[in-house]
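*Asks:* The structure file model.cif (mmCIF, C-alpha atoms) is provided below.
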data_data
#
loop_
_atom_site.label_atom_id
_atom_site.label_comp_id
_atom_site.auth_asym_id
_atom_site.auth_seq_id
_atom_site.Cartn_x
_atom_site.Cartn_y
_atom_site.Cartn_z
CA MET A 1 -218.00 -86.18 -126.47
CA SER A 2 -214.64 -87.66 -126.87
CA GLN A 3 -213.06 -84.27 -127.48
CA HIS A 4 -214.71 -82.79 -124.41
CA ARG A 5 -213.30 -85.56 -122.26
CA ARG A 6 -209.85 -85.06 -123.58
CA ARG A 7 -209.92 -81.38 -122.67
CA LYS A 8 -211.22 -82.07 -119.25
CA ALA A 9 -208.64 -84.71 -118.73
CA SER A 10 -205.96 -82.31 -119.76
CA ASN A 11 -207.19 -79.75 -117.25
CA SER A 12 -207.54 -82.19 -114.42
CA GLY A 13 -204.15 -83.95 -114.87
CA PRO A 14 -200.73 -82.61 -113.91
CA ARG A 15 -199.49 -79.83 -115.95
CA GLU A 16 -196.61 -80.57 -118.18
CA ALA A 17 -194.07 -78.31 -119.70
CA SER A 18 -193.98 -77.56 -123.28
CA ASN A 19 -191.56 -80.42 -123.74
CA GLY A 20 -193.95 -82.86 -122.02
CA ARG A 21 -191.99 -83.02 -118.59
CA PRO A 22 -193.05 -81.74 -115.17
CA ARG A 23 -191.91 -78.25 -114.15
CA ASN A 24 -189.66 -78.51 -111.13
CA ALA A 25 -187.35 -75.60 -111.80
CA SER A 26 -187.08 -72.62 -114.04
CA ASN A 27 -185.12 -74.69 -116.50
CA GLY A 28 -187.23 -77.78 -116.04
CA ARG A 29 -184.54 -79.62 -113.98
CA PRO A 30 -184.39 -80.40 -110.26
CA ARG A 31 -183.03 -77.52 -108.13
CA ASN A 32 -179.81 -79.04 -106.81
CA ALA A 33 -177.23 -76.52 -107.89
CA SER A 34 -176.69 -73.79 -110.36
CA ASN A 35 -174.57 -76.06 -112.46
CA GLY A 36 -177.05 -78.86 -112.35
CA ARG A 37 -174.95 -80.96 -109.83
CA PRO A 38 -175.70 -81.65 -106.17
CA ARG A 39 -174.22 -79.11 -103.70
CA LYS A 40 -171.21 -80.16 -101.67
CA ALA A 41 -170.47 -79.09 -98.10
CA SER A 42 -168.98 -75.58 -98.13
CA ASN A 43 -165.39 -75.05 -96.76
CA ARG A 44 -165.72 -71.29 -96.39
CA ARG A 45 -166.49 -71.37 -92.65
CA PRO A 46 -163.23 -73.16 -91.54
CA ARG A 47 -161.15 -70.86 -93.71
CA ARG A 48 -162.79 -67.83 -92.15
CA SER A 49 -162.09 -69.23 -88.63
CA VAL A 50 -158.37 -69.72 -89.39
CA ARG A 51 -158.07 -66.23 -90.82
CA ALA A 52 -159.80 -64.70 -87.79
CA PHE A 53 -157.48 -66.64 -85.44
CA LEU A 54 -154.37 -65.51 -87.31
CA LEU A 55 -155.57 -61.92 -87.38
CA THR A 56 -156.29 -61.98 -83.64
CA THR A 57 -152.86 -63.50 -82.93
CA VAL A 58 -151.05 -60.86 -84.99
CA VAL A 59 -152.95 -58.00 -83.34
CA SER A 60 -152.27 -59.43 -79.87
CA ALA A 61 -148.57 -59.78 -80.66
CA ILE A 62 -148.48 -56.18 -81.83
CA PHE A 63 -150.13 -54.97 -78.62
CA VAL A 64 -147.78 -57.10 -76.47
CA ALA A 65 -144.71 -55.75 -78.28
CA ALA A 66 -145.95 -52.17 -77.97
CA GLY A 67 -146.65 -52.65 -74.23
CA ALA A 68 -143.21 -54.19 -73.63
CA GLU A 69 -141.52 -51.34 -75.46
CA TYR A 70 -143.44 -48.81 -73.36
CA VAL A 71 -142.53 -50.53 -70.09
CA ILE A 72 -138.85 -50.76 -71.07
CA GLY A 73 -138.88 -47.10 -72.00
CA GLN A 74 -140.39 -46.16 -68.63
CA LEU A 75 -137.81 -48.25 -66.76
CA ALA A 76 -134.98 -46.73 -68.76
CA ALA A 77 -136.26 -43.23 -68.07
CA GLN A 78 -136.22 -43.77 -64.30
CA PRO A 79 -132.99 -42.76 -62.54
CA ASN A 80 -130.72 -45.58 -61.44
CA LEU A 81 -130.16 -44.73 -57.78
CA LEU A 82 -127.42 -47.32 -57.34
CA ALA A 83 -125.48 -46.04 -60.34
CA GLU A 84 -125.87 -42.44 -59.20
CA SER A 85 -124.67 -43.34 -55.68
CA LEU A 86 -121.63 -45.15 -57.04
CA ALA A 87 -120.87 -42.26 -59.36
CA ALA A 88 -121.14 -39.73 -56.54
CA LEU A 89 -119.05 -41.77 -54.10
CA PRO A 90 -115.59 -40.70 -55.36
CA ALA A 91 -116.58 -37.02 -55.11
CA SER A 92 -117.70 -37.27 -51.47
CA ARG A 93 -115.50 -36.83 -48.43
CA ALA A 94 -115.92 -40.46 -47.46
CA GLY A 95 -114.96 -41.56 -50.96
CA ALA A 96 -111.92 -39.30 -51.00
CA HIS A 97 -110.89 -40.64 -47.59
CA LEU A 98 -111.25 -44.23 -48.77
CA VAL A 99 -109.21 -43.50 -51.89
CA HIS A 100 -106.54 -41.84 -49.77
CA GLU A 101 -106.43 -44.78 -47.36
CA ARG A 102 -106.21 -47.22 -50.26
CA GLN A 103 -103.30 -45.32 -51.80
CA HIS A 104 -101.60 -45.14 -48.41
CA MET A 105 -101.96 -48.91 -47.94
CA ILE A 106 -100.54 -49.52 -51.41
CA LEU A 107 -97.54 -47.31 -50.65
CA MET A 108 -97.02 -48.98 -47.26
CA ALA A 109 -97.16 -52.42 -48.85
CA ALA A 110 -94.66 -51.36 -51.50
CA ALA A 111 -92.38 -49.84 -48.86
CA THR A 112 -92.57 -52.98 -46.74
CA GLY A 113 -91.58 -55.12 -49.68
CA SER A 114 -88.52 -52.98 -50.37
CA LEU A 115 -87.54 -52.46 -46.71
CA LYS A 116 -83.88 -52.93 -45.97
CA ILE A 117 -82.10 -52.73 -42.64
CA VAL A 118 -79.37 -50.15 -43.02
CA GLY A 119 -78.41 -49.84 -39.39
CA LYS A 120 -79.47 -50.18 -35.80
CA PRO A 121 -81.60 -47.43 -34.31
CA LYS A 122 -79.89 -45.20 -31.84
CA VAL A 123 -81.43 -44.78 -28.43
CA ALA A 124 -81.24 -41.37 -26.85
CA THR A 125 -78.80 -41.38 -24.00
CA LYS A 126 -79.54 -39.95 -20.64
CA PRO A 127 -78.13 -36.43 -20.43
CA ALA A 128 -75.16 -36.11 -18.18
CA PRO A 129 -76.07 -34.27 -15.00
CA PRO A 130 -74.45 -30.85 -14.83
CA SER A 131 -71.72 -30.30 -12.32
CA ALA A 132 -72.88 -28.89 -9.03
CA ALA A 133 -69.78 -26.75 -8.71
CA GLY A 134 -70.49 -23.17 -7.79
CA GLY A 135 -74.01 -24.07 -6.70
CA GLY A 136 -75.37 -23.05 -10.07
CA GLY A 137 -75.32 -26.41 -11.83
CA GLY A 138 -72.00 -26.12 -13.72
CA GLY A 139 -72.52 -23.08 -15.89
CA ALA A 140 -76.30 -23.25 -15.76
CA PRO A 141 -77.86 -19.80 -15.43
CA ILE A 142 -78.96 -18.95 -11.93
CA VAL A 143 -82.35 -17.31 -11.58
CA TYR A 144 -82.92 -15.43 -8.37
CA ALA A 145 -86.44 -15.11 -6.96
CA PRO A 146 -87.87 -13.75 -3.75
CA VAL A 147 -89.02 -16.01 -0.96
CA PRO A 148 -92.57 -17.19 -1.81
CA SER A 149 -95.61 -16.55 0.35
CA PRO A 150 -96.10 -19.08 3.14
CA GLY A 151 -98.60 -21.87 2.60
CA THR A 152 -98.36 -21.88 -1.17
CA ALA A 153 -97.00 -24.69 -3.35
CA GLN A 154 -93.97 -22.53 -4.11
CA SER A 155 -93.37 -22.07 -0.40
CA ILE A 156 -93.48 -25.86 0.08
CA ALA A 157 -90.92 -26.33 -2.70
CA TYR A 158 -88.68 -23.58 -1.29
CA ASN A 159 -88.64 -25.30 2.10
CA LEU A 160 -88.03 -28.78 0.60
CA LEU A 161 -84.99 -27.77 -1.50
CA PRO A 162 -82.43 -28.13 1.33
CA SER A 163 -83.58 -31.71 2.05
CA PHE A 164 -82.48 -32.63 -1.51
CA GLY A 165 -79.16 -30.78 -1.19
CA PHE A 166 -80.17 -27.66 -3.13
CA ASP A 167 -79.54 -24.07 -2.04
CA PRO A 168 -82.92 -22.31 -2.10
CA LYS A 169 -81.32 -18.92 -2.75
CA THR A 170 -79.75 -20.06 -6.06
CA GLN A 171 -82.00 -22.95 -7.15
CA PHE A 172 -85.53 -21.85 -6.30
CA GLY A 173 -85.62 -19.22 -9.06
CA CYS A 174 -84.84 -21.84 -11.75
CA LEU A 175 -87.39 -24.25 -10.29
CA LYS A 176 -90.01 -21.52 -10.03
CA ILE A 177 -89.82 -20.41 -13.66
CA MET A 178 -89.57 -23.97 -15.05
CA TRP A 179 -92.61 -25.31 -13.23
CA GLU A 180 -94.44 -22.09 -14.01
CA ASN A 181 -94.07 -23.00 -17.71
CA GLU A 182 -94.90 -26.64 -17.14
CA SER A 183 -98.02 -26.49 -14.97
CA GLY A 184 -98.52 -23.02 -13.50
CA TRP A 185 -97.84 -24.70 -10.13
CA ARG A 186 -101.29 -26.36 -10.20
CA VAL A 187 -101.63 -29.82 -8.63
CA THR A 188 -104.36 -30.86 -11.09
CA ALA A 189 -102.66 -29.61 -14.25
CA ALA A 190 -103.11 -32.25 -16.96
CA ASN A 191 -101.67 -32.53 -20.44
CA ALA A 192 -103.06 -34.40 -23.43
CA SER A 193 -99.91 -36.52 -23.46
CA GLY A 194 -100.76 -37.86 -19.99
CA ALA A 195 -98.44 -35.63 -17.95
CA TYR A 196 -99.93 -34.54 -14.64
CA GLY A 197 -99.36 -32.34 -11.62
CA ILE A 198 -96.94 -29.55 -10.71
CA PRO A 199 -93.84 -31.34 -12.11
CA GLN A 200 -95.86 -32.79 -15.06
CA ALA A 201 -94.89 -36.39 -14.40
CA LEU A 202 -95.47 -38.63 -17.41
CA PRO A 203 -97.53 -40.57 -16.62
CA GLY A 204 -98.84 -38.95 -13.47
CA SER A 205 -99.04 -42.30 -11.67
CA LYS A 206 -95.25 -42.24 -11.33
CA MET A 207 -95.70 -39.83 -8.42
CA ALA A 208 -97.37 -42.60 -6.42
CA SER A 209 -93.84 -43.57 -5.35
CA ALA A 210 -93.78 -40.37 -3.29
CA GLY A 211 -97.21 -40.87 -1.70
CA PRO A 212 -100.71 -42.27 -2.28
CA ASN A 213 -102.25 -38.81 -2.49
CA TRP A 214 -100.19 -37.80 -5.52
CA GLN A 215 -103.24 -36.58 -7.48
CA THR A 216 -104.14 -33.74 -5.09
CA ASN A 217 -101.26 -33.18 -2.66
CA ALA A 218 -98.68 -30.52 -3.55
CA THR A 219 -96.03 -31.81 -1.11
CA THR A 220 -96.15 -35.32 -2.61
CA GLN A 221 -95.84 -33.98 -6.16
CA ILE A 222 -92.97 -31.59 -5.28
CA LYS A 223 -91.02 -34.34 -3.49
CA TRP A 224 -91.29 -36.56 -6.52
CA GLY A 225 -90.34 -33.70 -8.86
CA LEU A 226 -87.26 -32.69 -6.86
CA GLY A 227 -86.10 -36.32 -6.73
CA TYR A 228 -86.53 -36.64 -10.50
CA ILE A 229 -84.56 -33.43 -11.13
CA LYS A 230 -81.70 -34.45 -8.84
CA GLY A 231 -81.37 -37.90 -10.42
CA ARG A 232 -81.50 -36.67 -14.03
CA TYR A 233 -80.06 -33.13 -14.10
CA GLY A 234 -78.31 -32.64 -10.77
CA THR A 235 -79.94 -29.31 -9.88
CA PRO A 236 -83.07 -27.34 -10.75
CA CYS A 237 -80.93 -24.81 -12.66
CA GLY A 238 -79.41 -27.69 -14.66
CA ALA A 239 -82.92 -28.89 -15.53
CA TRP A 240 -83.92 -25.34 -16.45
CA ALA A 241 -80.93 -25.00 -18.81
CA PHE A 242 -81.97 -28.24 -20.57
CA TRP A 243 -85.58 -27.07 -20.72
CA GLN A 244 -84.58 -23.83 -22.45
CA ASN A 245 -82.91 -25.79 -25.25
CA ASN A 246 -85.55 -28.48 -25.66
CA GLY A 247 -88.84 -27.24 -24.28
CA TRP A 248 -89.12 -30.16 -21.85
CA TYR A 249 -87.05 -31.70 -19.07
#
Will you turn the file into structure tokens for me?
*Replies:*
Amino acid sequence: MSQHRRRKASNSGPREASNGRPRNASNGRPRNASNGRPRKASNRRPRRSVRAFLLTTVVSAIFVAAGAEYVIGQLAAQPNLLAESLAALPASRAGAHLVHERQHMILMAAATGSLKIVGKPKVATKPAPPSAAGGGGGGAPIVYAPVPSPGTAQSIAYNLLPSFGFDPKTQFGCLKIMWENESGWRVTAANASGAYGIPQALPGSKMASAGPNWQTNATTQIKWGLGYIKGRYGTPCGAWAFWQNNGWY
């Protein structure tokens, strides 16, 4: 009876290991750690976060550097319009003109700095009127011309010659050919220099002393012209002789 109770008691009570202690783990010890010590908080997760952050930062920096290099390359590849315009400026007409003007100003400035007065300028003297001896103006060639048609500007001049003391037979030919070269005997003949009318007065407004209608009236222009010739050259043939040597009178 006592043996039966012992067996029953052994079956009903907690099972013990072969060494008489309860089985809590494969090795009979509490499951705290593989080394038999309690587990500490793991530091693997913070280390992994730092590594991921560093990796992300490095990759981002690489992408930023690559993007900046690409943008700089694109900007460098584009043509510099300002540089091209400045480079093309000296080869253009405007650039050449500016360079020429600049050189001219430099030369003028240098010449002004070294300017020395070496003498007084000479003013052209009024030519001495030819002698009226012989009616031809003192050796001046006499040009004979037929009497002009009535009503023309030449006819007006032919008839006005005696009032200024000129012989129409000897002086009209010189006057005719000289004013033919000057204006073609046209009252509205104008020159780029400002000369105007049959006698080519310079400026034309000088003829206003002979009449207010000096711009269109042949008589007014011829009167002024004959007065100018008499006061400066003595006779129309004298004026014509001067004109042949100088191209003006």
*Asks:* May I ask for the distance between atom CA of Pro212 of chain A and atom CA of Ala195 of chain A, given in Å to one decimal place?
*Replies:* 17.2 Å
*Asks:* Would you compute an axis-aligned box for segment 67-71 of chain A, covering every atom listed for it in the file with 4 Å of margin on each side, and report centre and edge lengths in Å to one decimal as JSON?
*Replies:*
{"center_x": -144.1, "center_y": -51.5, "center_z": -72.8, "size_x": 13.1, "size_y": 13.4, "size_z": 13.4}
*Asks:* Please write as a list of chain:residue names the list of polymer residues whose atoms come within 12 Å of (-99.0, -32.7, -20.7), counting only C-alpha atoms and keeping to the coordinates of the file.
*Replies:*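 Every residue inside that radius is included here: A:Asn181, A:Glu182, A:Ser183, A:Thr188, A:Ala189, A:Ala190, A:Asn191, A:Ala192, A:Ser193, A:Gly194, A:Ala195, A:Tyr196, A:Gly197, A:Ile198, A:Pro199, A:Gln200, A:Ala201, A:Leu202, A:Pro203, A:Gly204, A:Trp248.
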*Asks:* Could you tell me how far atom CA of Leu160 of chain A sits from atom CA of Asn245 of chain A, in Å to one decimal place?
*Replies:*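 We find that atom CA of Asn245 of chain A and atom CA of Leu160 of chain A lie 26.5 Å from each other.
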*Asks:* What does the distance between atom CA of Val147 of chain A and atom CA of Gly234 of chain A come to in Å, to one decimal place?
*Replies:* 22.1 Å
*Asks:* Name the residues captured by the PyMOL selection byres ((chain A and resi 142) around 8) when it is applied to the shown file; answer as a ChimeraX atom specification.
*Replies:* /A:136,140-141,143-144,170-171,173-174,237
*Asks:* Go through A:Ser209, A:Asn246, A:Thr152, A:Thr56 one by one, measure the shortest atom-to-atom distance of each to Lys223 of chain A using all atoms listed in the file, and give the residue with the smallest value.
*Replies:*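 Closest residue, counting all atoms listed in the file: A:Ser209.
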*Asks:* Which residue gives the smallest distance to Gly184 of chain A among A:Ser149, A:Gln215, A:Gln154, A:Ser49, with only C-alpha atoms counted?
*Replies:*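 For Gly184 of chain A, the nearest of the given residues is A:Gln154.
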